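Data from run-v5.tsv: TSV, C-alpha atoms
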```
chain	number	residue	atom	x	y	z
T	124	MET	CA	-9.31	-21.63	-6.00
T	125	LEU	CA	-6.85	-20.38	-3.39
T	126	LYS	CA	-5.51	-17.73	-5.77
T	127	ASP	CA	-8.97	-16.33	-6.45
T	128	LYS	CA	-9.80	-16.16	-2.75
T	129	ILE	CA	-6.58	-14.32	-2.01
T	130	THR	CA	-7.10	-11.86	-4.85
T	131	LEU	CA	-10.63	-11.14	-3.68
T	132	LEU	CA	-9.48	-10.56	-0.10
T	133	ALA	CA	-6.57	-8.37	-1.23
T	134	ASN	CA	-9.02	-6.16	-3.12
T	135	GLN	CA	-11.43	-6.05	-0.18
T	136	ILE	CA	-8.80	-4.86	2.31
T	137	HIS	CA	-7.01	-2.52	-0.10
T	138	SER	CA	-8.47	0.64	1.44
T	139	ASP	CA	-7.39	-0.49	4.91
T	140	VAL	CA	-3.84	-1.20	3.70
T	141	VAL	CA	-3.71	2.23	2.06
T	142	ALA	CA	-4.93	3.85	5.29
T	143	ASN	CA	-2.25	2.05	7.29
T	144	ARG	CA	0.40	3.04	4.78
T	145	ARG	CA	-0.65	6.69	4.87
T	146	HIS	CA	-0.65	6.74	8.66
T	147	LEU	CA	2.84	5.29	8.75
T	148	HIS	CA	4.05	7.61	6.01
T	149	ALA	CA	2.77	10.66	7.87
T	150	ASN	CA	4.42	9.53	11.12
T	151	PRO	CA	7.90	8.27	10.18
T	152	GLU	CA	10.54	7.41	12.76
T	153	LEU	CA	14.28	6.94	12.39
T	154	SER	CA	16.19	3.71	12.94
T	155	PHE	CA	16.12	2.41	16.53
T	156	HIS	CA	13.41	4.97	17.39
T	157	GLU	CA	10.33	3.28	15.86
T	158	TYR	CA	8.37	3.43	19.12
T	159	GLU	CA	5.07	4.77	17.78
T	160	THR	CA	5.38	2.66	14.64
T	161	SER	CA	5.87	-0.47	16.73
T	162	ALA	CA	2.91	0.46	18.93
T	163	TYR	CA	0.76	0.98	15.84
T	164	VAL	CA	1.70	-2.42	14.43
T	165	ALA	CA	1.02	-4.03	17.81
T	166	GLN	CA	-2.42	-2.40	17.91
T	167	LYS	CA	-3.28	-3.76	14.47
T	168	LEU	CA	-2.10	-7.25	15.43
T	169	ASP	CA	-4.24	-7.04	18.56
T	170	GLU	CA	-7.25	-6.14	16.42
T	171	LEU	CA	-6.61	-9.24	14.33
T	172	GLY	CA	-6.22	-11.43	17.40
T	173	ILE	CA	-2.64	-12.31	16.50
T	174	GLU	CA	-0.23	-12.93	19.37
T	175	TYR	CA	3.21	-11.34	19.16
T	176	LYS	CA	6.29	-10.59	21.18
T	177	LYS	CA	8.74	-7.71	21.13
T	178	MET	CA	12.34	-8.11	20.04
T	179	ALA	CA	15.28	-5.78	19.45
T	180	ASN	CA	13.56	-3.06	21.45
T	181	THR	CA	11.09	-1.89	18.79
T	182	GLY	CA	10.76	-5.04	16.68
T	183	LEU	CA	7.85	-7.47	16.72
T	184	VAL	CA	7.48	-11.11	15.74
T	185	ALA	CA	4.13	-12.88	15.42
T	186	LEU	CA	2.86	-16.31	14.40
T	187	ILE	CA	-0.21	-17.34	12.39
T	188	LYS	CA	-0.87	-21.08	12.46
T	189	GLY	CA	-3.11	-22.73	9.94
T	190	ALA	CA	-5.81	-25.09	11.19
T	191	LYS	CA	-4.59	-28.00	9.06
T	192	GLN	CA	-1.74	-30.17	10.27
T	193	SER	CA	1.71	-29.24	8.93
T	194	ASP	CA	5.14	-28.64	10.45
T	195	SER	CA	6.21	-26.28	7.66
T	196	VAL	CA	7.20	-22.74	8.65
T	197	VAL	CA	7.83	-19.69	6.45
T	198	ALA	CA	8.89	-16.25	7.67
T	199	LEU	CA	7.81	-12.98	6.04
T	200	ARG	CA	9.78	-9.84	6.83
T	201	ALA	CA	8.97	-6.11	6.72
T	202	ASP	CA	11.17	-3.24	7.91
T	203	MET	CA	9.72	-0.21	9.71
T	204	ASP	CA	12.26	2.65	9.91
T	205	ALA	CA	12.43	5.87	7.90
T	206	LEU	CA	15.24	8.16	6.68
T	207	PRO	CA	16.59	11.60	7.71
T	208	ILE	CA	15.16	13.33	4.60
T	209	VAL	CA	12.90	16.39	4.31
T	210	GLU	CA	9.85	15.35	2.29
T	211	ALA	CA	9.06	17.48	-0.77
T	212	ASN	CA	5.80	15.77	-1.76
T	213	ASP	CA	2.60	17.82	-1.51
T	214	VAL	CA	0.25	15.05	-0.42
T	215	VAL	CA	-2.31	14.69	2.38
T	216	TYR	CA	-0.14	12.03	4.02
T	217	LYS	CA	3.07	14.10	3.94
T	218	SER	CA	5.45	13.52	6.84
T	219	LYS	CA	4.51	15.36	10.03
T	220	ASN	CA	7.95	14.79	11.54
T	221	PRO	CA	10.41	17.47	10.37
T	222	GLY	CA	13.43	16.05	8.60
T	223	VAL	CA	12.17	12.47	8.67
T	224	MET	CA	10.56	10.68	5.72
T	225	HIS	CA	9.59	7.21	4.56
T	226	ALA	CA	11.72	7.64	1.45
T	227	CYS	CA	12.54	3.95	1.03
T	228	GLY	CA	9.08	2.45	1.15
T	229	HIS	CA	9.24	0.80	4.55
T	230	ASP	CA	5.75	2.17	5.19
T	231	VAL	CA	4.65	0.07	2.22
T	232	HIS	CA	6.45	-3.00	3.52
T	233	THR	CA	4.92	-2.73	6.99
T	234	SER	CA	1.36	-1.95	5.87
T	235	SER	CA	1.58	-4.74	3.28
T	236	LEU	CA	2.63	-7.32	5.86
T	237	LEU	CA	-0.25	-6.21	8.09
T	238	GLY	CA	-2.52	-6.73	5.09
T	239	THR	CA	-1.05	-10.16	4.48
T	240	ALA	CA	-1.68	-10.97	8.14
T	241	LYS	CA	-5.33	-9.97	7.70
T	242	ILE	CA	-5.74	-12.23	4.67
T	243	LEU	CA	-4.04	-15.13	6.45
T	244	THR	CA	-6.41	-14.87	9.41
T	245	GLU	CA	-9.36	-14.97	7.00
T	246	LEU	CA	-7.96	-18.16	5.43
T	247	GLN	CA	-6.68	-19.73	8.65
T	248	ASN	CA	-9.01	-22.75	8.42
T	249	GLU	CA	-7.92	-23.49	4.86
T	250	PHE	CA	-4.16	-23.94	5.17
T	251	GLY	CA	-1.60	-25.91	7.10
T	252	GLY	CA	1.71	-24.69	8.46
T	253	THR	CA	2.91	-21.61	10.31
T	254	VAL	CA	3.62	-18.12	8.99
T	255	LYS	CA	6.05	-16.09	11.05
T	256	LEU	CA	5.65	-12.32	10.67
T	257	ILE	CA	8.81	-10.27	11.27
T	258	PHE	CA	8.33	-6.52	11.77
T	259	GLN	CA	11.92	-5.36	11.93
T	260	PRO	CA	13.46	-2.07	13.06
T	261	ALA	CA	16.53	-0.24	11.81
T	262	GLU	CA	17.23	-1.54	8.33
T	263	GLU	CA	18.83	1.79	7.43
T	264	LYS	CA	21.48	1.99	10.14
T	265	LEU	CA	24.30	-0.24	11.32
T	266	PRO	CA	24.41	-2.76	12.84
T	267	GLY	CA	20.98	-3.35	11.28
T	268	GLY	CA	17.83	-4.53	12.99
T	269	ALA	CA	18.00	-7.89	11.21
T	270	SER	CA	21.27	-8.81	12.92
T	271	MET	CA	19.81	-7.84	16.29
T	272	MET	CA	16.62	-9.84	15.82
T	273	ILE	CA	18.57	-12.89	14.65
T	274	LYS	CA	20.78	-12.68	17.75
T	275	GLU	CA	17.62	-12.55	19.90
T	276	GLY	CA	16.26	-15.70	18.24
T	277	VAL	CA	13.78	-14.48	15.62
T	278	LEU	CA	14.66	-17.46	13.43
T	279	GLU	CA	14.08	-19.97	16.21
T	280	ASN	CA	11.03	-21.44	17.99
T	281	PRO	CA	9.88	-22.23	15.38
T	282	LYS	CA	12.72	-22.19	12.89
T	283	PRO	CA	11.48	-21.16	9.43
T	284	ASP	CA	12.28	-23.25	6.39
T	285	ALA	CA	12.56	-20.03	4.40
T	286	VAL	CA	12.55	-16.24	4.85
T	287	VAL	CA	10.87	-14.09	2.21
T	288	GLY	CA	10.97	-10.31	1.86
T	289	GLN	CA	9.79	-7.75	-0.65
T	290	HIS	CA	11.02	-4.22	-1.39
T	291	VAL	CA	9.50	-1.40	-3.40
T	292	MET	CA	11.04	-0.62	-6.78
T	293	PRO	CA	9.87	2.60	-8.51
T	294	LEU	CA	11.71	1.65	-11.71
T	295	ILE	CA	9.26	-1.24	-12.13
T	296	GLU	CA	5.68	-0.43	-13.09
T	297	THR	CA	2.92	-1.30	-10.65
T	298	GLY	CA	1.54	-4.76	-11.38
T	299	LYS	CA	4.95	-6.30	-11.94
T	300	VAL	CA	7.64	-7.82	-9.71
T	301	GLY	CA	11.31	-8.66	-10.21
T	302	PHE	CA	13.54	-11.56	-9.18
T	303	ARG	CA	17.20	-12.51	-9.27
T	304	SER	CA	18.56	-15.86	-8.17
T	305	GLY	CA	21.92	-16.12	-6.42
T	306	LYS	CA	24.00	-13.11	-5.45
T	307	TYR	CA	21.81	-10.03	-5.68
T	308	MET	CA	22.90	-7.14	-3.42
T	309	ALA	CA	26.31	-6.08	-2.13
T	310	SER	CA	27.96	-6.05	1.24
T	311	THR	CA	28.55	-2.55	2.55
T	312	ASP	CA	31.34	-1.12	4.70
T	313	GLU	CA	31.83	2.43	5.93
T	314	ILE	CA	35.30	3.99	5.63
T	315	TYR	CA	36.48	6.80	7.90
T	316	VAL	CA	39.92	8.31	7.26
T	317	THR	CA	41.87	11.15	8.86
T	318	VAL	CA	45.05	12.22	7.08
T	319	HIS	CA	47.48	14.14	9.29
T	320	GLY	CA	50.05	16.59	8.01
T	321	LYS	CA	51.47	19.95	9.05
T	322	GLY	CA	49.50	23.01	8.14
T	323	GLY	CA	50.71	26.47	7.34
T	324	HIS	CA	50.73	29.28	4.81
T	325	GLY	CA	49.79	28.27	1.30
T	326	ALA	CA	52.59	30.44	-0.08
T	327	GLN	CA	55.21	28.44	1.82
T	328	PRO	CA	54.50	24.79	0.94
T	329	GLN	CA	58.09	23.80	1.59
T	330	GLN	CA	57.52	24.41	5.28
T	331	ASN	CA	54.40	22.27	5.44
T	332	ILE	CA	53.33	18.65	5.02
T	333	ASP	CA	50.24	19.12	2.89
T	334	PRO	CA	47.47	16.66	3.92
T	335	VAL	CA	45.30	17.83	1.01
T	336	VAL	CA	47.84	16.60	-1.54
T	337	ILE	CA	48.40	13.39	0.46
T	338	THR	CA	44.64	12.77	0.55
T	339	SER	CA	44.37	13.35	-3.19
T	340	HIS	CA	46.98	10.67	-3.82
T	341	ILE	CA	45.25	8.28	-1.45
T	342	ILE	CA	41.84	8.71	-3.12
T	343	ILE	CA	43.24	8.08	-6.59
T	344	ALA	CA	45.52	5.22	-5.53
T	345	LEU	CA	42.77	3.37	-3.67
T	346	GLN	CA	40.75	3.11	-6.87
T	347	GLN	CA	43.42	0.70	-8.08
T	348	ILE	CA	42.17	-1.75	-5.45
T	349	VAL	CA	39.02	-2.04	-7.54
T	350	SER	CA	40.49	-1.64	-11.02
T	351	ARG	CA	43.74	-3.59	-10.70
T	352	VAL	CA	43.57	-5.86	-7.65
T	353	ALA	CA	39.98	-7.11	-7.58
T	354	ASP	CA	39.00	-10.02	-9.81
T	355	PRO	CA	37.08	-8.42	-12.69
T	356	LYS	CA	34.41	-11.10	-12.24
T	357	THR	CA	33.74	-9.93	-8.67
T	358	PRO	CA	31.69	-6.72	-8.50
T	359	SER	CA	33.40	-4.11	-6.32
T	360	VAL	CA	32.68	-0.44	-5.67
T	361	LEU	CA	34.76	2.10	-3.75
T	362	SER	CA	33.37	5.62	-3.42
T	363	PHE	CA	34.25	8.61	-1.26
T	364	GLY	CA	31.38	11.01	-0.72
T	365	LYS	CA	32.75	13.29	2.00
T	366	VAL	CA	36.04	15.19	2.03
T	367	ILE	CA	36.71	17.93	4.60
T	368	ALA	CA	39.87	20.03	4.31
T	369	ASN	CA	39.08	22.98	6.52
T	370	GLY	CA	41.72	25.39	5.30
T	371	ALA	CA	41.38	28.47	3.10
T	372	THR	CA	42.69	29.82	-0.20
T	373	ASN	CA	46.04	30.48	1.42
T	374	VAL	CA	45.86	28.16	4.43
T	375	ILE	CA	46.94	24.53	4.35
T	376	PRO	CA	45.11	22.62	7.14
T	377	ASN	CA	46.71	20.23	9.59
T	378	GLU	CA	44.46	17.37	8.58
T	379	VAL	CA	41.87	16.18	6.08
T	380	TYR	CA	38.87	14.02	6.86
T	381	LEU	CA	37.39	11.43	4.46
T	382	GLU	CA	34.27	9.24	4.47
T	383	GLY	CA	33.45	6.56	1.92
T	384	THR	CA	31.95	3.17	1.22
T	385	PHE	CA	33.26	-0.15	-0.06
T	386	ARG	CA	30.91	-2.75	-1.50
T	387	THR	CA	31.38	-6.19	-3.00
T	388	MET	CA	29.87	-9.67	-3.28
T	389	ASP	CA	32.61	-11.94	-1.98
T	390	GLU	CA	33.43	-12.22	1.72
T	391	ASP	CA	37.03	-13.43	1.24
T	392	TRP	CA	37.80	-10.59	-1.16
T	393	ARG	CA	36.04	-8.16	1.17
T	394	ALA	CA	38.46	-9.00	3.99
T	395	LYS	CA	41.53	-8.82	1.71
T	396	ALA	CA	40.40	-5.49	0.28
T	397	HIS	CA	40.11	-4.03	3.78
T	398	GLU	CA	43.74	-4.97	4.50
T	399	LYS	CA	45.03	-3.68	1.17
T	400	MET	CA	43.21	-0.34	1.41
T	401	LYS	CA	44.49	0.32	4.92
T	402	LYS	CA	48.05	-0.65	4.05
T	403	MET	CA	48.07	1.44	0.87
T	404	ALA	CA	46.62	4.57	2.49
T	405	GLU	CA	48.96	4.43	5.47
T	406	GLY	CA	51.95	3.77	3.22
T	407	ILE	CA	51.21	6.72	0.95
T	408	ALA	CA	50.75	9.05	3.89
T	409	GLU	CA	54.01	7.92	5.51
T	410	ALA	CA	55.96	8.18	2.24
T	411	MET	CA	54.79	11.78	1.86
T	412	GLY	CA	55.74	12.74	5.41
T	413	GLY	CA	52.34	12.50	7.06
T	414	SER	CA	50.26	9.85	8.74
T	415	CYS	CA	46.84	8.31	8.29
T	416	ASP	CA	44.16	6.88	10.59
T	417	PHE	CA	42.26	4.44	8.37
T	418	ASN	CA	39.17	2.89	9.96
T	419	ILE	CA	36.63	0.54	8.38
T	420	VAL	CA	33.27	-0.13	10.02
T	421	ARG	CA	32.08	-3.49	8.78
T	422	GLY	CA	28.49	-3.36	7.61
T	423	TYR	CA	25.97	-5.76	6.11
T	424	PRO	CA	27.06	-8.91	4.25
T	425	PHE	CA	26.07	-9.51	0.64
T	426	LEU	CA	22.55	-10.75	-0.05
T	427	ILE	CA	22.09	-14.10	-1.75
T	428	ASN	CA	18.77	-15.48	-2.96
T	429	GLU	CA	18.86	-19.24	-2.51
T	430	GLU	CA	18.40	-20.71	-5.96
T	431	VAL	CA	15.82	-23.45	-5.34
T	432	LEU	CA	13.68	-21.25	-3.10
T	433	THR	CA	13.88	-18.32	-5.50
T	434	ALA	CA	12.89	-20.52	-8.43
T	435	ASP	CA	9.87	-21.74	-6.45
T	436	VAL	CA	8.85	-18.24	-5.33
T	437	ARG	CA	9.24	-16.92	-8.86
T	438	ALA	CA	7.00	-19.73	-10.12
T	439	TYR	CA	4.37	-18.78	-7.53
T	440	ALA	CA	4.58	-15.16	-8.71
T	441	GLU	CA	4.18	-16.20	-12.35
T	442	ASP	CA	1.16	-18.28	-11.39
T	443	TYR	CA	-0.38	-15.39	-9.45
T	444	LEU	CA	0.46	-12.57	-11.89
T	445	GLY	CA	1.24	-14.17	-15.23
T	446	LYS	CA	4.75	-14.69	-16.63
T	447	GLU	CA	4.65	-11.38	-18.48
T	448	ASN	CA	4.52	-9.53	-15.15
T	449	VAL	CA	7.55	-11.23	-13.58
T	450	LEU	CA	10.86	-9.65	-14.57
T	451	ASP	CA	14.55	-10.54	-14.35
T	452	LEU	CA	16.72	-8.28	-12.17
T	453	ASP	CA	20.42	-7.47	-12.49
T	454	ILE	CA	22.78	-7.38	-9.54
T	455	TRP	CA	22.48	-4.21	-7.49
T	456	MET	CA	25.39	-2.70	-5.53
T	457	ALA	CA	23.10	-1.19	-2.91
T	458	ALA	CA	22.92	-3.01	0.42
T	459	GLU	CA	20.14	-4.43	2.59
T	460	ASP	CA	20.22	-5.90	6.06
T	461	PHE	CA	17.87	-8.65	4.81
T	462	ALA	CA	21.24	-10.08	3.78
T	463	TYR	CA	21.72	-11.28	7.36
T	464	TYR	CA	18.71	-13.60	6.97
T	465	SER	CA	20.11	-14.85	3.66
T	466	GLN	CA	23.42	-15.75	5.31
T	467	VAL	CA	21.80	-18.07	7.89
T	468	SER	CA	18.64	-19.33	6.18
T	469	ASP	CA	17.23	-20.05	2.75
T	470	ALA	CA	15.97	-16.64	1.69
T	471	CYS	CA	14.35	-14.83	-1.21
T	472	PHE	CA	14.20	-11.05	-1.58
T	473	TYR	CA	12.19	-9.74	-4.52
T	474	ARG	CA	11.18	-6.34	-5.92
T	475	LEU	CA	7.65	-4.97	-5.92
T	476	GLY	CA	6.85	-2.60	-8.76
T	477	THR	CA	5.48	0.70	-7.41
T	478	GLY	CA	6.12	3.10	-10.29
T	479	ASN	CA	3.57	4.74	-12.57
T	480	VAL	CA	5.00	6.89	-15.36
T	481	SER	CA	1.61	8.22	-16.48
T	482	ARG	CA	0.97	9.55	-12.97
T	483	GLY	CA	4.48	10.91	-12.55
T	484	ILE	CA	5.44	8.41	-9.83
T	485	THR	CA	9.02	7.80	-10.90
T	486	SER	CA	11.30	9.22	-8.18
T	487	SER	CA	13.96	6.91	-6.84
T	488	VAL	CA	14.13	5.69	-3.27
T	489	HIS	CA	16.07	7.88	-0.83
T	490	THR	CA	14.90	11.09	-2.54
T	491	PRO	CA	12.60	13.85	-1.16
T	492	THR	CA	9.98	13.19	-3.87
T	493	PHE	CA	9.78	9.42	-3.55
T	494	ASP	CA	6.23	8.06	-3.53
T	495	VAL	CA	4.42	4.92	-4.68
T	496	ASP	CA	1.41	4.03	-6.76
T	497	GLU	CA	-0.90	2.76	-4.04
T	498	ASP	CA	-2.54	0.34	-6.46
T	499	SER	CA	0.59	-1.75	-5.82
T	500	LEU	CA	-0.74	-2.43	-2.33
T	501	ARG	CA	-3.23	-4.92	-3.76
T	502	LEU	CA	-0.39	-6.95	-5.22
T	503	SER	CA	1.96	-6.49	-2.26
T	504	THR	CA	-0.49	-8.19	0.12
T	505	GLY	CA	-1.99	-10.78	-2.20
T	506	LEU	CA	1.23	-12.04	-3.71
T	507	MET	CA	3.01	-12.37	-0.39
T	508	THR	CA	0.06	-14.33	0.99
T	509	TYR	CA	0.08	-16.61	-2.04
T	510	ILE	CA	3.85	-17.13	-1.80
T	511	ALA	CA	3.61	-18.00	1.88
T	512	LEU	CA	0.80	-20.51	1.49
T	513	LYS	CA	2.32	-22.17	-1.57
T	514	GLN	CA	5.69	-22.38	0.18
T	515	LEU	CA	4.00	-24.11	3.10
T	516	GLY	CA	2.72	-26.74	0.68
T	517	ASN	CA	-0.86	-25.58	0.30
```
Representation of the structure as structure tokens:
Amino acid sequence: MLKDKITLLANQIHSDVVANRRHLHANPELSFHEYETSAYVAQKLDELGIEYKKMANTGLVALIKGAKQSDSVVALRADMDALPIVEANDVVYKSKNPGVMHACGHDVHTSSLLGTAKILTELQNEFGGTVKLIFQPAEEKLPGGASMMIKEGVLENPKPDAVVGQHVMPLIETGKVGFRSGKYMASTDEIYVTVHGKGGHGAQPQQNIDPVVITSHIIIALQQIVSRVADPKTPSVLSFGKVIANGATNVIPNEVYLEGTFRTMDEDWRAKAHEKMKKMAEGIAEAMGGSCDFNIVRGYPFLINEEVLTADVRAYAEDYLGKENVLDLDIWMAAEDFAYYSQVSDACFYRLGTGNVSRGITSSVHTPTFDVDEDSLRLSTGLMTYIALKQLGN
């Protein structure tokens, strides 16, 4: 059976996938700077005899065509960039690049897709259709490598019928995967605000226009956009994580600087919220005698898993793993640039369990102690291969 062959191959190449993952983990590179990572992936594709071309500077796209006749095409995507985090793990594959770490599992995604490529080449005479491999840069930084690769034609020549991606999830135990159909992850926008006032001595507030007080009112008032203006059925999040008021105990500054994020799952509401936030902040500042520069940098759209495709892919996962190992996911207000693929193609983005409580592998992504149970690399390669071949009609 196809499933048995894939499982056997996934087990046989497991040590190679682990070695690739450890190499990538030890040599992380930030978004738009994945030069060595890209070269490493290219080397491995060369070793497999897989032709590829470069896109978006450090991205790669490759094709594997089955020997049997079929016009079906499925794309599989992995991201390659790391994060500006100092790794705290004491492991042999600890990051060698100071202040840079694969803290979101992109090393797993890339090594897994290379493993899937290896399995597909072994089975090339047994399937029909084309698998497009997308090794994408810069998921972690706007404007997102996905948007750049799409603009450069990654979803053309040939055009895939579906795009499938997987992402590590330490909250799910190794051996399990998670799915959600429909809207899954949020859009994300960056907010940058400067509130201008008139600084002076803290003992003479009547002579000043206090931007700290103005900013406080703006932060509180803007929360009403979420709590009183947004439709309660539409998930929305507004958070400010950076406030700089560079005064002193007795010094009121001339200005205050704010940074935050707005996230939702409705594009019409997203645009309206931008207008309302800007108008409210500027109005409050003016009413209190100051002024406000309110800038929103539009980020990734929301991610939607196409319902028919996701139902099919989930069924393949249940067949490969057993129903008891396929979980339901809730919506998640984090963002992913895979959303760009989901806005222009049928797409499915699922979660790969990488946690292991008994071994203490429980840290969340984007933390200095994030790691994965490498046993998950058997599943990450085998399941994606099975999904691809079943989706192609094999």
In Å, with one decimal, what is the gap from CA of Ile407 in chain T to CA of Gln330 in chain T?
19.3 Å
Every residue with an atom at most 12 Å from (2.7, 3.3, 16.6) (file coordinates; only C-alpha atoms) is what I'm after, so could you write them as a list in words?
Asn143, His146, Leu147, His148, Ala149, Asn150, Pro151, Glu152, His156, Glu157, Tyr158, Glu159, Thr160, Ser161, Ala162, Tyr163, Val164, Ala165, Gln166, Lys167, Leu168, Thr181, Gly182, Leu183, Met203, Asp204, Asp230 and Thr233 of chain T
For each of T:Ala179, T:Val436, T:Lys188, T:Phe363, take the minimum atom-to-atom distance to Met271 in chain T, counting all atoms listed in the file, then give the residue where this is smallest.
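For Met271 in chain T, the nearest of the given residues is T:Ala179.
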Between CA of Val420 in chain T and CA of Arg393 in chain T, what distance in Å does the model show, to one decimal?
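Distance reported for this atom pair: 12.3 Å.
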Using only C-alpha atoms, which of T:His229, T:Arg437, T:Lys217, T:Lys399 sits nearest Gln347 in chain T?
T:Lys399
What does the distance between CA of Gln259 in chain T and CA of Gly228 in chain T come to in Å, to one decimal place?
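Separation of CA of Gln259 in chain T and CA of Gly228 in chain T: 13.6 Å.
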Env of Gly516 in chain T: 9 Å cut, atoms = all atoms listed in the file, seq-sep filter 5 positions within chain, self excluded. Answer as a list in words.
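My list of contacting residues is Ser193, Ser195, Phe250, Gly251, Gly252 and Ala511 of chain T.
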List as a ChimeraX atom specification the protein and nucleic acid residues near range 133-137 of chain T, meaning an atom at most 12 Å away when all atoms listed in the file are counted, but skip any in the same chain fewer than 2 places from it.
/T:126-131,139-144,234-243,245-246,497-509
Just to be explicit: take each residue in the selection above, keep C-alpha atoms, and write the result as a compact mmCIF listing (two decimals), in the frame of the given file.
```txt
# COMPACT_ATOMS: atom_id res chain seq x y z
CA LYS T 126 -5.51 -17.73 -5.77
CA ASP T 127 -8.97 -16.33 -6.45
CA LYS T 128 -9.80 -16.16 -2.75
CA ILE T 129 -6.58 -14.32 -2.01
CA THR T 130 -7.10 -11.86 -4.85
CA LEU T 131 -10.63 -11.14 -3.68
CA ASP T 139 -7.39 -0.49 4.91
CA VAL T 140 -3.84 -1.20 3.70
CA VAL T 141 -3.71 2.23 2.06
CA ALA T 142 -4.93 3.85 5.29
CA ASN T 143 -2.25 2.05 7.29
CA ARG T 144 0.40 3.04 4.78
CA SER T 234 1.36 -1.95 5.87
CA SER T 235 1.58 -4.74 3.28
CA LEU T 236 2.63 -7.32 5.86
CA LEU T 237 -0.25 -6.21 8.09
CA GLY T 238 -2.52 -6.73 5.09
CA THR T 239 -1.05 -10.16 4.48
CA ALA T 240 -1.68 -10.97 8.14
CA LYS T 241 -5.33 -9.97 7.70
CA ILE T 242 -5.74 -12.23 4.67
CA LEU T 243 -4.04 -15.13 6.45
CA GLU T 245 -9.36 -14.97 7.00
CA LEU T 246 -7.96 -18.16 5.43
CA GLU T 497 -0.90 2.76 -4.04
CA ASP T 498 -2.54 0.34 -6.46
CA SER T 499 0.59 -1.75 -5.82
CA LEU T 500 -0.74 -2.43 -2.33
CA ARG T 501 -3.23 -4.92 -3.76
CA LEU T 502 -0.39 -6.95 -5.22
CA SER T 503 1.96 -6.49 -2.26
CA THR T 504 -0.49 -8.19 0.12
CA GLY T 505 -1.99 -10.78 -2.20
CA LEU T 506 1.23 -12.04 -3.71
CA MET T 507 3.01 -12.37 -0.39
CA THR T 508 0.06 -14.33 0.99
CA TYR T 509 0.08 -16.61 -2.04
```
Can you tell me which residues surround Ser414 in chain T at a distance of at most 7 Å, considering all atoms listed in the file, apart from same-chain residues fewer than 2 positions away, and format the answer as a PDB file with C-alpha atoms, in the coordinates of the input?
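Generated output (out-v2.pdb):
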```pdb
ATOM      1  CA  VAL T 318      45.050  12.220   7.080  1.00  0.00           C
ATOM      2  CA  HIS T 319      47.480  14.140   9.290  1.00  0.00           C
ATOM      3  CA  GLY T 320      50.050  16.590   8.010  1.00  0.00           C
ATOM      4  CA  GLU T 405      48.960   4.430   5.470  1.00  0.00           C
ATOM      5  CA  ALA T 408      50.750   9.050   3.890  1.00  0.00           C
ATOM      6  CA  GLU T 409      54.010   7.920   5.510  1.00  0.00           C
TER       7      GLU T 409
END
```
Identify which of the residues T:Ser304, T:Thr372, T:Thr253, T:Thr387 lies closest to Ala457 in chain T, counting only C-alpha atoms when measuring atom-to-atom distances.
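When distances to Ala457 in chain T are compared using only C-alpha atoms, the smallest one comes from T:Thr387.
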Can you list, as a list in words, every protein, DNA or RNA residue that comes within 8 Å of range 428-431 of chain T when you count only C-alpha atoms, leaving out same-chain residues fewer than 4 positions away?
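That gives Arg303, Ser304, Gly305, Lys306, Tyr307, Asp435, Ser465, Asp469, Ala470, Cys471 and Phe472 of chain T.
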Please produce a file of those selected residues containing C-alpha atoms, as an mmCIF file, in the frame of the given file.
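Ended up saving to result_3.cif:
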```
data_model
loop_
_atom_site.group_PDB
_atom_site.id
_atom_site.type_symbol
_atom_site.label_atom_id
_atom_site.label_comp_id
_atom_site.auth_asym_id
_atom_site.auth_seq_id
_atom_site.Cartn_x
_atom_site.Cartn_y
_atom_site.Cartn_z
ATOM 1 C CA ARG T 303 17.200 -12.510 -9.270
ATOM 2 C CA SER T 304 18.560 -15.860 -8.170
ATOM 3 C CA GLY T 305 21.920 -16.120 -6.420
ATOM 4 C CA LYS T 306 24.000 -13.110 -5.450
ATOM 5 C CA TYR T 307 21.810 -10.030 -5.680
ATOM 6 C CA ASP T 435 9.870 -21.740 -6.450
ATOM 7 C CA SER T 465 20.110 -14.850 3.660
ATOM 8 C CA ASP T 469 17.230 -20.050 2.750
ATOM 9 C CA ALA T 470 15.970 -16.640 1.690
ATOM 10 C CA CYS T 471 14.350 -14.830 -1.210
ATOM 11 C CA PHE T 472 14.200 -11.050 -1.580
#
```
Using all atoms listed in the file, find the one residue out of T:Thr297, T:Ser154, T:Ser339, T:Ser362 that sits nearest to Glu262 in chain T.
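Of T:Thr297, T:Ser154, T:Ser339, T:Ser362, the one nearest Glu262 in chain T is T:Ser154, counting all atoms listed in the file.
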Please complete range 400-404 of chain T so it has N, CA and C atoms, and hand it over as a PDB file, in the coordinates of the input.
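Dumped to part-v9.pdb:
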```pdb
ATOM      1  N   MET T 400      43.524  -1.768   1.380  1.00  0.00           N
ATOM      2  CA  MET T 400      43.210  -0.340   1.410  1.00  0.00           C
ATOM      3  C   MET T 400      43.914   0.350   2.573  1.00  0.00           C
ATOM      4  N   LYS T 401      43.862  -0.257   3.724  1.00  0.00           N
ATOM      5  CA  LYS T 401      44.490   0.320   4.920  1.00  0.00           C
ATOM      6  C   LYS T 401      46.002   0.435   4.734  1.00  0.00           C
ATOM      7  N   LYS T 402      46.603  -0.634   4.242  1.00  0.00           N
ATOM      8  CA  LYS T 402      48.050  -0.650   4.050  1.00  0.00           C
ATOM      9  C   LYS T 402      48.464   0.390   3.008  1.00  0.00           C
ATOM     10  N   MET T 403      47.729   0.496   1.918  1.00  0.00           N
ATOM     11  CA  MET T 403      48.070   1.440   0.870  1.00  0.00           C
ATOM     12  C   MET T 403      47.948   2.882   1.353  1.00  0.00           C
ATOM     13  N   ALA T 404      46.842   3.201   2.024  1.00  0.00           N
ATOM     14  CA  ALA T 404      46.620   4.570   2.490  1.00  0.00           C
ATOM     15  C   ALA T 404      47.682   4.981   3.509  1.00  0.00           C
TER      16      ALA T 404
END
```
